[in-house]
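A.B. asks: Please find one structure pasted underneath; my questions will follow.
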2 protein chains.
Amino acid sequence: MFQPQREPLSPEMHIFDRAIALKPQPDGIWQGHTSTDYANMIGPFGGMTAATALQALLIQPERLGDPVALTVNFAGPVRDGAFEVRVRMMRSSRTTQHWSVEIVQGDDCVINAIAVFALRRPTWSETEIVMPEVAPADTLPLVGNMMGVSWPQCYDMRFARGGLRGVDGTGDNPDSLTQLWINDKPPRALDFASLTAICDAFFPRLFSRRAQMVPIGTISLNIHFHADAATLAQQGSAPVLGVAQGQIYNLGFSDQVAQVWSAQGQLLATSQQAVWFKE
Amino acid sequence: MFQPQREPLSPEMHIFDRAIALKPQPDGIWQGHTSTDYANMIGPFGGMTAATALQALLIQPERLGDPVALTVNFAGPVRDGAFEVRVRMMRSSRTTQHWSVEIVQGDDCVINAIAVFALRRPTWSETEIVMPEVAPADTLPLVGNMMGVSWPQCYDMRFARGGLRGVDGTGDNPDSLTQLWINDKPPRALDFASLTAICDAFFPRLFSRRAQMVPIGTISLNIHFHADAATLAQQGSAPVLGVAQGQIYNLGFSDQVAQVWSAQGQLLATSQQAVWFKE
């Protein structure tokens, strides 16, 4: 579905919206560009790339309902610069849609992703896990510049428990449990794209657990969404509480789970992430 | 890669191996057939379909290393009968491979899956979550025929904690935490395919939590593997301990996490599953 080229990005756009912006190309392909604001040590922050993959689905005119499940596999390093997003609808019913998304640079697949969308309707509802009791965001110190990397500066982050180790050299942590208030900086109303990026913003658990910095990279990010668009909109630009913990580190890969809660105690998303690490 | 048609399946093959068997077709397509042994209420047990999707990758001659992450999205009901499996290698490096797998029946995509394989090497290793202390498998009663469905009869299951509610009508459970020894029946040496099926064998958490049976269906199953093939082979045909718990049930979908432990206390796999439910 070819659409006329959009106007250049407005300078008043939020840096997040600039970073996930996609320009339609012929043959249903979309073109994006990495953002220097969300730069990581090498290439862009993975959460931003995951958010862009979801954004490519959210803007499809045939898209039905809200995202329920998104899995983003990081197939190779994303180079700074332009990329293409290719979207395929795999199956659609009256209430559910299945999608595949590929992000490519040249001949290289850099993202291999799949997603489920659905019309959410009221049902029996229960949250079985419990939101931890933590100090309110505004009573905790703002995390400063971290490792000289750009993307953390695009977030207001306040650790309620746990944090980065390996920076101060005081030794390993007994566990990697982190509780973190997080918000876009400047503030921006929460939506599925920003919630996706936040699900990848908890740092690899190895950096919380071990006193030693080793090369790492997320290889697979799985997110389940538990709110509909209307509920996310109610959240506005308030900070959300992220809870993340590693489960295992073995044979070159680690596994971490995370939950994202609204300040009012509603579970908005849960995720599981596989991270490659060296040594 | 077309290969000559194989001999008919041997009657001495384990029912699991018969169920995941794939026959090469022209154009890199593989053909399989649902198994009556592993039949669910309608169509086949989803864990078997997920195992078949992984099996299609395990038998690829270009396959590198062991599975690290597998996500299987259930795009539509699998009908009893034949199906085609289409495999695409998305990216390959010296140590990591990314794959897509589609299972189709006629024009319908029924499975939309992606996976990461990698050469696993020794690194720093730590398991941060703790295996629950439960009674040994052989001291617990074998679960009998459940709901008249076939596939549970292909497993030796013994509940150490939690079980199915809604069957005895004694009311809701306060939580959905289940600890379950599980093993192929007849016994079969554990491998990645059988571990995949086991990750889906914990029943939807709604059936453990609520006293009421409602229509449900797994929509997305995400598995991270934490052992290499050699470690799984050491496990032999001993039972493994599955731990499963729901996190949230809201707006027509629920989310459950699970861990699979060897009897020796090694974490073999972790998973996150999204389940559709009605009412």
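Note on naming: chains are A, B, ... as they come in the structure tokens, residues start from 1 per chain, ligands start from 1 in the order shown.
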Can you write out as a Markdown table which residues of chain A fall within 6 Å of chain B, alongside each residue's closest atom pair and its distance in Å to one decimal, counting only C-alpha atoms and ordering rows by chain and ascending residue number?

C.D. replies:
```
| residue | atom | partner | partner_atom | distance |
| --- | --- | --- | --- | --- |
| A:Arg120 | CA | B:Leu251 | CA | 5.2 |
| A:Arg121 | CA | B:Leu251 | CA | 4.9 |
| A:Pro122 | CA | B:Leu251 | CA | 4.7 |
| A:Thr123 | CA | B:Glu279 | CA | 4.7 |
| A:Trp124 | CA | B:Glu279 | CA | 5.9 |
| A:Ser125 | CA | B:Asn250 | CA | 4.6 |
| A:Glu126 | CA | B:Tyr249 | CA | 5.2 |
| A:Thr127 | CA | B:Ile248 | CA | 4.3 |
| A:Glu128 | CA | B:Gln247 | CA | 5.0 |
| A:Ile129 | CA | B:Gln247 | CA | 5.3 |
| A:Gln247 | CA | B:Glu128 | CA | 5.0 |
| A:Ile248 | CA | B:Thr127 | CA | 4.3 |
| A:Tyr249 | CA | B:Ser125 | CA | 5.2 |
| A:Asn250 | CA | B:Ser125 | CA | 4.6 |
| A:Leu251 | CA | B:Pro122 | CA | 4.7 |
| A:Gly252 | CA | B:Thr123 | CA | 5.6 |
| A:Glu279 | CA | B:Thr123 | CA | 4.7 |
```

A.B. asks: Could you dump the residues just selected with N, CA and C atoms as a PDB file, in the first residue's frame?

C.D. replies:
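Final output, saved to out.pdb:
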```pdb
ATOM      1  N   ARG A 120      -9.505  -6.432  22.567  1.00  0.00           N
ATOM      2  CA  ARG A 120      -9.611  -6.790  23.982  1.00  0.00           C
ATOM      3  C   ARG A 120     -11.033  -6.488  24.456  1.00  0.00           C
ATOM      4  N   ARG A 121     -11.609  -7.414  25.223  1.00  0.00           N
ATOM      5  CA  ARG A 121     -12.951  -7.173  25.771  1.00  0.00           C
ATOM      6  C   ARG A 121     -12.933  -7.499  27.259  1.00  0.00           C
ATOM      7  N   PRO A 122     -13.858  -6.876  28.006  1.00  0.00           N
ATOM      8  CA  PRO A 122     -13.916  -7.153  29.444  1.00  0.00           C
ATOM      9  C   PRO A 122     -14.215  -8.630  29.702  1.00  0.00           C
ATOM     10  N   THR A 123     -13.496  -9.216  30.670  1.00  0.00           N
ATOM     11  CA  THR A 123     -13.707 -10.601  31.101  1.00  0.00           C
ATOM     12  C   THR A 123     -13.468 -10.643  32.603  1.00  0.00           C
ATOM     13  N   TRP A 124     -13.562 -11.812  33.168  1.00  0.00           N
ATOM     14  CA  TRP A 124     -13.070 -12.047  34.525  1.00  0.00           C
ATOM     15  C   TRP A 124     -11.641 -11.530  34.580  1.00  0.00           C
ATOM     16  N   SER A 125     -11.283 -10.860  35.673  1.00  0.00           N
ATOM     17  CA  SER A 125      -9.979 -10.216  35.714  1.00  0.00           C
ATOM     18  C   SER A 125      -9.345 -10.388  37.087  1.00  0.00           C
ATOM     19  N   GLU A 126      -8.069 -10.710  37.096  1.00  0.00           N
ATOM     20  CA  GLU A 126      -7.361 -10.908  38.357  1.00  0.00           C
ATOM     21  C   GLU A 126      -5.869 -10.734  38.089  1.00  0.00           C
ATOM     22  N   THR A 127      -5.179 -10.052  38.990  1.00  0.00           N
ATOM     23  CA  THR A 127      -3.721  -9.982  38.901  1.00  0.00           C
ATOM     24  C   THR A 127      -3.158 -10.824  40.031  1.00  0.00           C
ATOM     25  N   GLU A 128      -2.435 -11.889  39.646  1.00  0.00           N
ATOM     26  CA  GLU A 128      -1.998 -12.859  40.661  1.00  0.00           C
ATOM     27  C   GLU A 128      -0.674 -12.452  41.289  1.00  0.00           C
ATOM     28  N   ILE A 129       0.185 -11.771  40.542  1.00  0.00           N
ATOM     29  CA  ILE A 129       1.419 -11.297  41.147  1.00  0.00           C
ATOM     30  C   ILE A 129       1.164  -9.942  41.793  1.00  0.00           C
ATOM     31  N   GLN A 247      16.929 -14.869  35.802  1.00  0.00           N
ATOM     32  CA  GLN A 247      16.577 -16.209  36.283  1.00  0.00           C
ATOM     33  C   GLN A 247      17.792 -17.133  36.236  1.00  0.00           C
ATOM     34  N   ILE A 248      18.553 -17.051  35.160  1.00  0.00           N
ATOM     35  CA  ILE A 248      19.720 -17.925  35.007  1.00  0.00           C
ATOM     36  C   ILE A 248      20.705 -17.269  34.039  1.00  0.00           C
ATOM     37  N   TYR A 249      21.976 -17.572  34.251  1.00  0.00           N
ATOM     38  CA  TYR A 249      23.078 -17.151  33.384  1.00  0.00           C
ATOM     39  C   TYR A 249      23.875 -18.416  33.123  1.00  0.00           C
ATOM     40  N   ASN A 250      23.895 -18.902  31.901  1.00  0.00           N
ATOM     41  CA  ASN A 250      24.545 -20.192  31.657  1.00  0.00           C
ATOM     42  C   ASN A 250      24.917 -20.346  30.188  1.00  0.00           C
ATOM     43  N   LEU A 251      26.089 -20.881  29.926  1.00  0.00           N
ATOM     44  CA  LEU A 251      26.511 -21.238  28.565  1.00  0.00           C
ATOM     45  C   LEU A 251      26.327 -20.084  27.579  1.00  0.00           C
ATOM     46  N   GLY A 252      26.686 -18.886  28.012  1.00  0.00           N
ATOM     47  CA  GLY A 252      26.709 -17.761  27.081  1.00  0.00           C
ATOM     48  C   GLY A 252      25.415 -16.984  26.932  1.00  0.00           C
ATOM     49  N   GLU A 279      31.953 -14.596  28.411  1.00  0.00           N
ATOM     50  CA  GLU A 279      32.786 -14.917  29.591  1.00  0.00           C
ATOM     51  C   GLU A 279      31.985 -15.295  30.830  1.00  0.00           C
TER      52      GLU A 279
END
```

A.B. asks: When you look at B:Glu84 with a cut-off of 12 Å (counting only C-alpha atoms), what residues show up, excluding the ones that are within fewer than 6 positions of it in the same chain? I need them as a PyMOL selection string.

C.D. replies: chain B and resi 21-34+49+52-53+56+78+101-111

A.B. asks: Hey, can you spit out that residue selection with N, CA and C atoms as a tab-separated table (two decimals), in the first residue's frame?

C.D. replies:
```
chain	number	residue	atom	x	y	z
B	21	ALA	N	7.26	-36.40	13.33
B	21	ALA	CA	7.96	-36.80	12.10
B	21	ALA	C	7.57	-35.90	10.93
B	22	LEU	N	8.56	-35.52	10.13
B	22	LEU	CA	8.32	-34.66	8.97
B	22	LEU	C	8.92	-35.30	7.73
B	23	LYS	N	8.20	-35.22	6.66
B	23	LYS	CA	8.60	-35.83	5.39
B	23	LYS	C	9.00	-34.71	4.44
B	24	PRO	N	10.21	-34.81	3.85
B	24	PRO	CA	10.63	-33.72	2.94
B	24	PRO	C	9.80	-33.70	1.67
B	25	GLN	N	9.46	-32.50	1.23
B	25	GLN	CA	8.74	-32.25	-0.02
B	25	GLN	C	9.64	-31.39	-0.90
B	26	PRO	N	9.29	-31.19	-2.17
B	26	PRO	CA	10.08	-30.26	-2.99
B	26	PRO	C	10.05	-28.84	-2.40
B	27	ASP	N	10.99	-28.03	-2.81
B	27	ASP	CA	11.02	-26.60	-2.45
B	27	ASP	C	11.24	-26.36	-0.97
B	28	GLY	N	11.91	-27.29	-0.28
B	28	GLY	CA	12.24	-27.04	1.12
B	28	GLY	C	11.06	-27.09	2.06
B	29	ILE	N	9.95	-27.62	1.59
B	29	ILE	CA	8.77	-27.74	2.45
B	29	ILE	C	8.76	-29.13	3.10
B	30	TRP	N	8.26	-29.18	4.31
B	30	TRP	CA	8.17	-30.46	5.03
B	30	TRP	C	6.71	-30.76	5.32
B	31	GLN	N	6.37	-32.05	5.25
B	31	GLN	CA	4.98	-32.40	5.52
B	31	GLN	C	4.87	-33.22	6.80
B	32	GLY	N	3.91	-32.87	7.63
B	32	GLY	CA	3.64	-33.62	8.85
B	32	GLY	C	2.16	-33.97	8.93
B	33	HIS	N	1.81	-34.66	10.00
B	33	HIS	CA	0.42	-35.10	10.18
B	33	HIS	C	0.13	-35.09	11.67
B	34	THR	N	-1.03	-34.58	12.05
B	34	THR	CA	-1.38	-34.58	13.47
B	34	THR	C	-1.49	-36.02	13.98
B	49	THR	N	2.45	-29.33	18.55
B	49	THR	CA	2.62	-28.49	17.36
B	49	THR	C	3.85	-27.60	17.51
B	52	THR	N	6.84	-29.71	16.94
B	52	THR	CA	7.01	-30.00	15.51
B	52	THR	C	7.67	-28.81	14.80
B	53	ALA	N	7.27	-27.60	15.17
B	53	ALA	CA	7.89	-26.41	14.59
B	53	ALA	C	9.40	-26.40	14.90
B	56	ALA	N	11.32	-29.10	12.89
B	56	ALA	CA	11.61	-28.71	11.50
B	56	ALA	C	12.94	-27.95	11.41
B	78	VAL	N	-5.48	-25.80	14.51
B	78	VAL	CA	-4.89	-26.84	13.68
B	78	VAL	C	-5.94	-27.93	13.50
B	101	VAL	N	9.60	-20.06	11.07
B	101	VAL	CA	8.89	-21.30	10.74
B	101	VAL	C	7.40	-20.97	10.62
B	102	GLU	N	6.80	-21.47	9.55
B	102	GLU	CA	5.37	-21.29	9.35
B	102	GLU	C	4.77	-22.68	9.16
B	103	ILE	N	3.69	-22.99	9.85
B	103	ILE	CA	2.95	-24.22	9.57
B	103	ILE	C	1.63	-23.81	8.93
B	104	VAL	N	1.34	-24.43	7.79
B	104	VAL	CA	0.13	-24.05	7.04
B	104	VAL	C	-0.72	-25.29	6.77
B	105	GLN	N	-2.00	-25.06	6.72
B	105	GLN	CA	-2.97	-26.08	6.27
B	105	GLN	C	-3.81	-25.40	5.19
B	106	GLY	N	-3.70	-25.90	3.96
B	106	GLY	CA	-4.35	-25.22	2.83
B	106	GLY	C	-3.77	-23.83	2.71
B	107	ASP	N	-4.63	-22.82	2.69
B	107	ASP	CA	-4.16	-21.44	2.59
B	107	ASP	C	-3.97	-20.79	3.96
B	108	ASP	N	-4.23	-21.54	5.03
B	108	ASP	CA	-4.23	-20.94	6.36
B	108	ASP	C	-2.91	-21.13	7.09
B	109	CYS	N	-2.32	-20.03	7.52
B	109	CYS	CA	-1.19	-20.12	8.45
B	109	CYS	C	-1.77	-20.50	9.81
B	110	VAL	N	-1.30	-21.60	10.39
B	110	VAL	CA	-1.78	-22.00	11.72
B	110	VAL	C	-0.72	-21.76	12.80
B	111	ILE	N	0.56	-21.75	12.38
B	111	ILE	CA	1.65	-21.46	13.33
B	111	ILE	C	2.57	-20.43	12.69
```

A.B. asks: Could you check which of A:Gly171, A:Ala39, A:Asp66, A:Ala238 is closest to A:Gln212, using only C-alpha atoms?

C.D. replies: A:Gly171

A.B. asks: Enter the distance from atom CA of A:Glu12 to atom CA of A:Lys185, in Å, rounded to one decimal.

C.D. replies: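 Straight-line distance from atom CA of A:Glu12 to atom CA of A:Lys185 works out to 14.2 Å.
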
A.B. asks: Between atom CA of B:Gln264 and atom CA of B:Ser237, what is the distance, to one decimal in Å?

C.D. replies: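 The value is 13.0 Å.
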
A.B. asks: Would you compute the distance between atom CA of B:Arg79 and atom CA of B:Ala201? Give it in Å to one decimal.

C.D. replies: 19.5 Å
